[in-house]
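Asker: First, the structure itself, so that you have it in front of you.
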Amino acid sequence: MVKKTLKQRIVEASVELFQQDGYHNVTVDRIVEYIGASKGGFYHNFKSKDELLYEIHDVFISYVIQQSQDAYDKYGTPITRLCAMLQTLTQVFDMYQAHITIFYEESRSLSEEYSEIIHKKRDHYRDILQKVIAEGQETKVFRTELPCTIVTMAIVGMINWTYKWFKQSGPLTMEQITDVFTDMVLRAIVTEQAMDEAKQFMIKG
């Protein structure tokens with residue numbers, strides 16, 4: 001088993017404590033006491049609690065960006081790329097649900113410096129997704145009468161809200177929920193001529 005770094009332990013402990021008591025109610029002293037570390041160890045890894053909150057976001061957005069780019073590079077059609085990217089985006093809400101919840105609830109606490117970095121990373125992810133939608137429209141795989149930007153934002157918005165209601169103990173797994181999202185998106189944007197390819201990713205009725 002790989003031993004976790006102090007930085008990883010700080011992030012994991014902070015996620016737990018912030019989720020339990022809120023960002024503003026948890027001090028650096030409490031974080032280091034919780035994991036048996038020193039304040040020196042904390043400030044060696046993070047210059048402030050603000051930077052720690054940024055790191056909590058960066059963990060999952062960097063994962064999504066990398067996995068989405070990998071999906072784009074691995075697959076050769078707009079439909080297969082889109083389905084792989086939908087899977088990546090939903091998976092992150094399962095893997096990093098606590099991180100994402102904390103970020104959405106506490107993001108207003110971030111400084112302008114970190115907010116700007118985060119906005120650029122989120123824009124980067126949307127750009128990858130929008131590129132897939134645009135390429136699908138250019139090749140008549142996706143409906144051209146739907147504005148590319150709105151389609152992209154609708155997909156991101158639908159999945160982003162998952163953090164509010166998804167429960168790992170719920171009746172559906174994230175894989176099953178992903179199947180539903182994929183089916184809904186494909187039925188909405190795929191053209192008739194590309195429907196045969198899309199059907200392999202749709203829920204069988």
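Just so we're on the same page: first chain in the structure tokens is A, next is B, and so on; residues restart at 1 for each chain, and ligands are numbered from 1 in the order they show up.
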I want to know what sits within 12 Å of A:Lys39, based on only C-alpha atoms, with residues of the same chain fewer than 2 positions away left out; could you give that as a PyMOL selection string?
Answerer: chain A and resi 6+10+27-37+41-49
Asker: Given the selection you just returned, output its residues as a file containing N, CA and C atoms, formatted as a PDB file, in the first residue's frame.
Answerer:
ATOM      1  N   LEU A   6       1.963  13.966   3.287  1.00  0.00           N
ATOM      2  CA  LEU A   6       1.329  14.872   4.241  1.00  0.00           C
ATOM      3  C   LEU A   6       0.312  15.758   3.532  1.00  0.00           C
ATOM      4  N   ILE A  10      -3.579  16.078   4.537  1.00  0.00           N
ATOM      5  CA  ILE A  10      -4.189  17.372   4.887  1.00  0.00           C
ATOM      6  C   ILE A  10      -5.458  17.593   4.069  1.00  0.00           C
ATOM      7  N   THR A  27     -10.302  25.498  11.720  1.00  0.00           N
ATOM      8  CA  THR A  27      -9.035  26.230  11.716  1.00  0.00           C
ATOM      9  C   THR A  27      -7.886  25.326  11.261  1.00  0.00           C
ATOM     10  N   VAL A  28      -6.774  25.963  10.908  1.00  0.00           N
ATOM     11  CA  VAL A  28      -5.572  25.207  10.574  1.00  0.00           C
ATOM     12  C   VAL A  28      -5.139  24.365  11.767  1.00  0.00           C
ATOM     13  N   ASP A  29      -5.243  24.926  12.971  1.00  0.00           N
ATOM     14  CA  ASP A  29      -4.883  24.190  14.189  1.00  0.00           C
ATOM     15  C   ASP A  29      -5.675  22.891  14.300  1.00  0.00           C
ATOM     16  N   ARG A  30      -6.952  22.976  13.984  1.00  0.00           N
ATOM     17  CA  ARG A  30      -7.794  21.786  14.116  1.00  0.00           C
ATOM     18  C   ARG A  30      -7.417  20.741  13.056  1.00  0.00           C
ATOM     19  N   ILE A  31      -7.104  21.196  11.856  1.00  0.00           N
ATOM     20  CA  ILE A  31      -6.724  20.271  10.775  1.00  0.00           C
ATOM     21  C   ILE A  31      -5.468  19.493  11.157  1.00  0.00           C
ATOM     22  N   VAL A  32      -4.440  20.211  11.613  1.00  0.00           N
ATOM     23  CA  VAL A  32      -3.176  19.522  11.920  1.00  0.00           C
ATOM     24  C   VAL A  32      -3.317  18.644  13.159  1.00  0.00           C
ATOM     25  N   GLU A  33      -4.132  19.078  14.098  1.00  0.00           N
ATOM     26  CA  GLU A  33      -4.371  18.252  15.287  1.00  0.00           C
ATOM     27  C   GLU A  33      -5.090  16.953  14.889  1.00  0.00           C
ATOM     28  N   TYR A  34      -5.995  17.067  13.945  1.00  0.00           N
ATOM     29  CA  TYR A  34      -6.797  15.926  13.507  1.00  0.00           C
ATOM     30  C   TYR A  34      -5.928  14.824  12.904  1.00  0.00           C
ATOM     31  N   ILE A  35      -4.857  15.206  12.219  1.00  0.00           N
ATOM     32  CA  ILE A  35      -4.003  14.199  11.564  1.00  0.00           C
ATOM     33  C   ILE A  35      -2.670  14.003  12.291  1.00  0.00           C
ATOM     34  N   GLY A  36      -2.502  14.685  13.420  1.00  0.00           N
ATOM     35  CA  GLY A  36      -1.279  14.522  14.185  1.00  0.00           C
ATOM     36  C   GLY A  36      -0.061  15.122  13.513  1.00  0.00           C
ATOM     37  N   ALA A  37      -0.262  16.255  12.837  1.00  0.00           N
ATOM     38  CA  ALA A  37       0.849  16.936  12.158  1.00  0.00           C
ATOM     39  C   ALA A  37       1.118  18.270  12.851  1.00  0.00           C
ATOM     40  N   GLY A  41       4.265  21.791   9.133  1.00  0.00           N
ATOM     41  CA  GLY A  41       4.007  20.851   8.048  1.00  0.00           C
ATOM     42  C   GLY A  41       2.898  21.346   7.137  1.00  0.00           C
ATOM     43  N   PHE A  42       1.883  21.962   7.747  1.00  0.00           N
ATOM     44  CA  PHE A  42       0.782  22.512   6.942  1.00  0.00           C
ATOM     45  C   PHE A  42       1.298  23.613   6.031  1.00  0.00           C
ATOM     46  N   TYR A  43       2.028  24.569   6.622  1.00  0.00           N
ATOM     47  CA  TYR A  43       2.462  25.730   5.834  1.00  0.00           C
ATOM     48  C   TYR A  43       3.610  25.406   4.882  1.00  0.00           C
ATOM     49  N   HIS A  44       4.196  24.243   5.046  1.00  0.00           N
ATOM     50  CA  HIS A  44       5.172  23.783   4.057  1.00  0.00           C
ATOM     51  C   HIS A  44       4.462  23.367   2.770  1.00  0.00           C
ATOM     52  N   ASN A  45       3.210  22.912   2.895  1.00  0.00           N
ATOM     53  CA  ASN A  45       2.433  22.440   1.750  1.00  0.00           C
ATOM     54  C   ASN A  45       1.427  23.465   1.229  1.00  0.00           C
ATOM     55  N   PHE A  46       0.927  24.299   2.113  1.00  0.00           N
ATOM     56  CA  PHE A  46      -0.077  25.302   1.724  1.00  0.00           C
ATOM     57  C   PHE A  46       0.253  26.627   2.387  1.00  0.00           C
ATOM     58  N   LYS A  47       0.200  27.694   1.617  1.00  0.00           N
ATOM     59  CA  LYS A  47       0.518  28.989   2.211  1.00  0.00           C
ATOM     60  C   LYS A  47      -0.660  29.568   3.000  1.00  0.00           C
ATOM     61  N   SER A  48      -1.862  28.997   2.785  1.00  0.00           N
ATOM     62  CA  SER A  48      -3.047  29.486   3.493  1.00  0.00           C
ATOM     63  C   SER A  48      -4.167  28.451   3.400  1.00  0.00           C
ATOM     64  N   LYS A  49      -5.202  28.660   4.200  1.00  0.00           N
ATOM     65  CA  LYS A  49      -6.390  27.805   4.122  1.00  0.00           C
ATOM     66  C   LYS A  49      -7.101  28.033   2.790  1.00  0.00           C
TER      67      LYS A  49
END
Asker: As a CSV table (one decimal) with C-alpha atoms, in the first residue's frame, please: every residue in chain A that DSSP puts in helix (DSSP H, G or I).
Answerer:
chain,number,residue,atom,x,y,z
A,6,LEU,CA,1.3,14.9,4.2
A,7,LYS,CA,-0.3,17.0,1.6
A,8,GLN,CA,-2.7,14.3,0.7
A,9,ARG,CA,-3.5,13.7,4.3
A,10,ILE,CA,-4.2,17.4,4.9
A,11,VAL,CA,-6.5,17.5,1.9
A,12,GLU,CA,-8.4,14.4,3.0
A,13,ALA,CA,-8.8,15.5,6.6
A,14,SER,CA,-9.9,19.0,5.4
A,15,VAL,CA,-12.5,17.6,3.1
A,16,GLU,CA,-13.9,15.6,6.1
A,17,LEU,CA,-13.8,18.5,8.5
A,18,PHE,CA,-15.1,21.1,6.1
A,19,GLN,CA,-18.0,18.8,5.1
A,20,GLN,CA,-18.8,18.2,8.8
A,21,ASP,CA,-18.5,21.8,10.2
A,23,TYR,CA,-15.0,25.9,5.9
A,24,HIS,CA,-15.1,28.9,8.1
A,25,ASN,CA,-15.5,26.9,11.3
A,28,VAL,CA,-5.6,25.2,10.6
A,29,ASP,CA,-4.9,24.2,14.2
A,30,ARG,CA,-7.8,21.8,14.1
A,31,ILE,CA,-6.7,20.3,10.8
A,32,VAL,CA,-3.2,19.5,11.9
A,33,GLU,CA,-4.4,18.3,15.3
A,34,TYR,CA,-6.8,15.9,13.5
A,35,ILE,CA,-4.0,14.2,11.6
A,39,LYS,CA,1.5,23.8,11.6
A,40,GLY,CA,4.9,23.9,10.1
A,41,GLY,CA,4.0,20.9,8.0
A,42,PHE,CA,0.8,22.5,6.9
A,43,TYR,CA,2.5,25.7,5.8
A,44,HIS,CA,5.2,23.8,4.1
A,45,ASN,CA,2.4,22.4,1.8
A,49,LYS,CA,-6.4,27.8,4.1
A,50,ASP,CA,-7.5,29.6,1.0
A,51,GLU,CA,-4.9,27.7,-1.1
A,52,LEU,CA,-6.1,24.5,0.6
A,53,LEU,CA,-9.7,25.1,-0.6
A,54,TYR,CA,-8.3,25.7,-4.1
A,55,GLU,CA,-6.4,22.4,-4.0
A,56,ILE,CA,-9.7,20.6,-3.0
A,57,HIS,CA,-11.2,21.8,-6.3
A,58,ASP,CA,-8.0,21.3,-8.3
A,59,VAL,CA,-7.9,17.6,-7.4
A,60,PHE,CA,-11.2,16.8,-9.3
A,61,ILE,CA,-11.1,19.4,-12.1
A,62,SER,CA,-7.6,18.3,-13.1
A,63,TYR,CA,-8.8,14.7,-13.2
A,64,VAL,CA,-11.8,15.6,-15.4
A,65,ILE,CA,-9.6,17.6,-17.8
A,66,GLN,CA,-7.0,14.9,-18.2
A,67,GLN,CA,-9.6,12.1,-18.6
A,68,SER,CA,-11.6,14.1,-21.1
A,69,GLN,CA,-8.5,14.8,-23.2
A,70,ASP,CA,-7.6,11.1,-23.0
A,71,ALA,CA,-11.1,10.2,-24.2
A,72,TYR,CA,-10.8,12.6,-27.1
A,73,ASP,CA,-7.5,11.2,-28.1
A,74,LYS,CA,-8.5,7.5,-27.7
A,78,PRO,CA,-18.0,12.5,-32.0
A,79,ILE,CA,-20.4,10.0,-30.5
A,80,THR,CA,-17.8,7.7,-28.9
A,81,ARG,CA,-15.9,10.7,-27.6
A,82,LEU,CA,-19.0,12.3,-26.2
A,83,CYS,CA,-20.1,9.1,-24.4
A,84,ALA,CA,-16.6,8.6,-22.9
A,85,MET,CA,-16.5,12.2,-21.7
A,86,LEU,CA,-20.0,11.9,-20.1
A,87,GLN,CA,-18.8,8.8,-18.3
A,88,THR,CA,-15.7,10.7,-17.1
A,89,LEU,CA,-17.7,13.7,-15.8
A,90,THR,CA,-20.2,11.6,-14.0
A,91,GLN,CA,-17.6,9.3,-12.5
A,92,VAL,CA,-15.9,12.4,-10.8
A,93,PHE,CA,-19.1,13.1,-8.9
A,94,ASP,CA,-18.9,9.6,-7.5
A,95,MET,CA,-15.1,9.6,-6.8
A,97,GLN,CA,-18.4,13.9,-4.2
A,98,ALA,CA,-17.2,15.4,-0.9
A,99,HIS,CA,-14.6,17.6,-2.7
A,100,ILE,CA,-17.2,18.8,-5.2
A,101,THR,CA,-19.8,19.5,-2.5
A,102,ILE,CA,-17.4,21.6,-0.5
A,103,PHE,CA,-16.2,23.5,-3.5
A,104,TYR,CA,-19.7,24.5,-4.6
A,105,GLU,CA,-20.8,25.4,-1.1
A,106,GLU,CA,-17.6,27.3,-0.2
A,107,SER,CA,-16.3,28.6,-3.5
A,108,ARG,CA,-17.3,32.2,-2.7
A,109,SER,CA,-14.7,32.1,0.0
A,112,GLU,CA,-9.8,36.4,-6.7
A,113,GLU,CA,-6.4,34.9,-7.6
A,114,TYR,CA,-7.6,31.3,-7.1
A,115,SER,CA,-11.1,31.9,-8.5
A,116,GLU,CA,-9.5,33.1,-11.8
A,117,ILE,CA,-7.4,29.9,-12.0
A,118,ILE,CA,-10.4,27.8,-11.4
A,119,HIS,CA,-12.5,29.6,-14.0
A,120,LYS,CA,-9.7,29.0,-16.6
A,121,LYS,CA,-9.6,25.3,-15.8
A,122,ARG,CA,-13.4,25.0,-16.0
A,123,ASP,CA,-13.4,26.8,-19.3
A,124,HIS,CA,-10.7,24.4,-20.5
A,125,TYR,CA,-12.9,21.4,-19.8
A,126,ARG,CA,-15.9,23.0,-21.5
A,127,ASP,CA,-13.7,23.8,-24.5
A,128,ILE,CA,-12.9,20.1,-24.9
A,129,LEU,CA,-16.5,19.2,-24.7
A,130,GLN,CA,-17.7,22.0,-27.0
A,131,LYS,CA,-15.1,20.9,-29.6
A,132,VAL,CA,-16.6,17.4,-29.7
A,133,ILE,CA,-20.1,18.9,-30.1
A,134,ALA,CA,-18.9,21.3,-32.9
A,135,GLU,CA,-17.1,18.4,-34.7
A,136,GLY,CA,-20.3,16.4,-34.5
A,137,GLN,CA,-22.3,19.2,-36.0
A,138,GLU,CA,-19.7,19.7,-38.8
A,148,CYS,CA,-23.3,24.4,-29.9
A,149,THR,CA,-22.6,26.5,-26.8
A,150,ILE,CA,-26.0,25.9,-25.3
A,151,VAL,CA,-25.8,22.2,-25.9
A,152,THR,CA,-22.4,22.2,-24.1
A,153,MET,CA,-23.6,24.2,-21.2
A,154,ALA,CA,-26.8,22.2,-20.9
A,155,ILE,CA,-24.8,18.9,-20.6
A,156,VAL,CA,-22.4,20.4,-18.0
A,157,GLY,CA,-25.3,22.0,-16.0
A,158,MET,CA,-27.3,18.8,-15.9
A,159,ILE,CA,-24.4,16.7,-14.7
A,160,ASN,CA,-23.0,19.3,-12.3
A,162,THR,CA,-25.7,15.7,-9.5
A,163,TYR,CA,-23.7,16.7,-6.4
A,164,LYS,CA,-27.0,17.9,-4.8
A,165,TRP,CA,-28.9,14.7,-5.1
A,174,MET,CA,-23.5,6.2,-10.8
A,175,GLU,CA,-23.0,3.8,-13.8
A,176,GLN,CA,-26.7,3.4,-14.1
A,177,ILE,CA,-27.3,7.2,-13.8
A,178,THR,CA,-24.6,7.7,-16.5
A,179,ASP,CA,-26.6,5.5,-18.8
A,180,VAL,CA,-29.6,7.6,-18.3
A,181,PHE,CA,-27.7,10.9,-18.9
A,182,THR,CA,-26.1,9.4,-22.0
A,183,ASP,CA,-29.4,8.2,-23.4
A,184,MET,CA,-31.1,11.6,-22.8
A,185,VAL,CA,-28.2,13.5,-24.4
A,186,LEU,CA,-27.9,11.3,-27.5
A,187,ARG,CA,-31.6,11.2,-28.2
A,188,ALA,CA,-31.7,15.0,-28.0
A,189,ILE,CA,-28.8,15.9,-30.2
A,192,GLU,CA,-31.2,10.5,-37.9
A,193,GLN,CA,-28.2,9.5,-40.1
A,194,ALA,CA,-26.1,8.8,-37.0
A,195,MET,CA,-28.7,7.1,-34.9
A,196,ASP,CA,-27.4,3.6,-35.7
A,197,GLU,CA,-24.1,4.4,-34.1
A,198,ALA,CA,-25.7,6.1,-31.1
A,199,LYS,CA,-28.1,3.3,-30.4
Asker: So, counting only C-alpha atoms, which residue among A:Val26, A:Gly170, A:Tyr96, A:Thr77 is closest to A:Thr139?
Answerer: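 For A:Thr139, the nearest of the candidates is A:Thr77.
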Asker: By how many Å are atom CA of A:Pro147 and atom CA of A:Val190 apart?
Answerer: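 Distance between the two atoms: 13.4 Å.
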Asker: Would you work out the distance separating atom CA of A:Gly76 from atom CA of A:Gln200, expressed in Å to one decimal?
Answerer: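 Taking atom CA of A:Gly76 and atom CA of A:Gln200, their separation equals 15.6 Å.
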Asker: Just to confirm, what's the straight-line distance from atom CA of A:Trp161 to atom CA of A:Gly22 in Å (one decimal)?
Answerer: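 If I compute the distance from atom CA of A:Trp161 to atom CA of A:Gly22, I get 20.0 Å.
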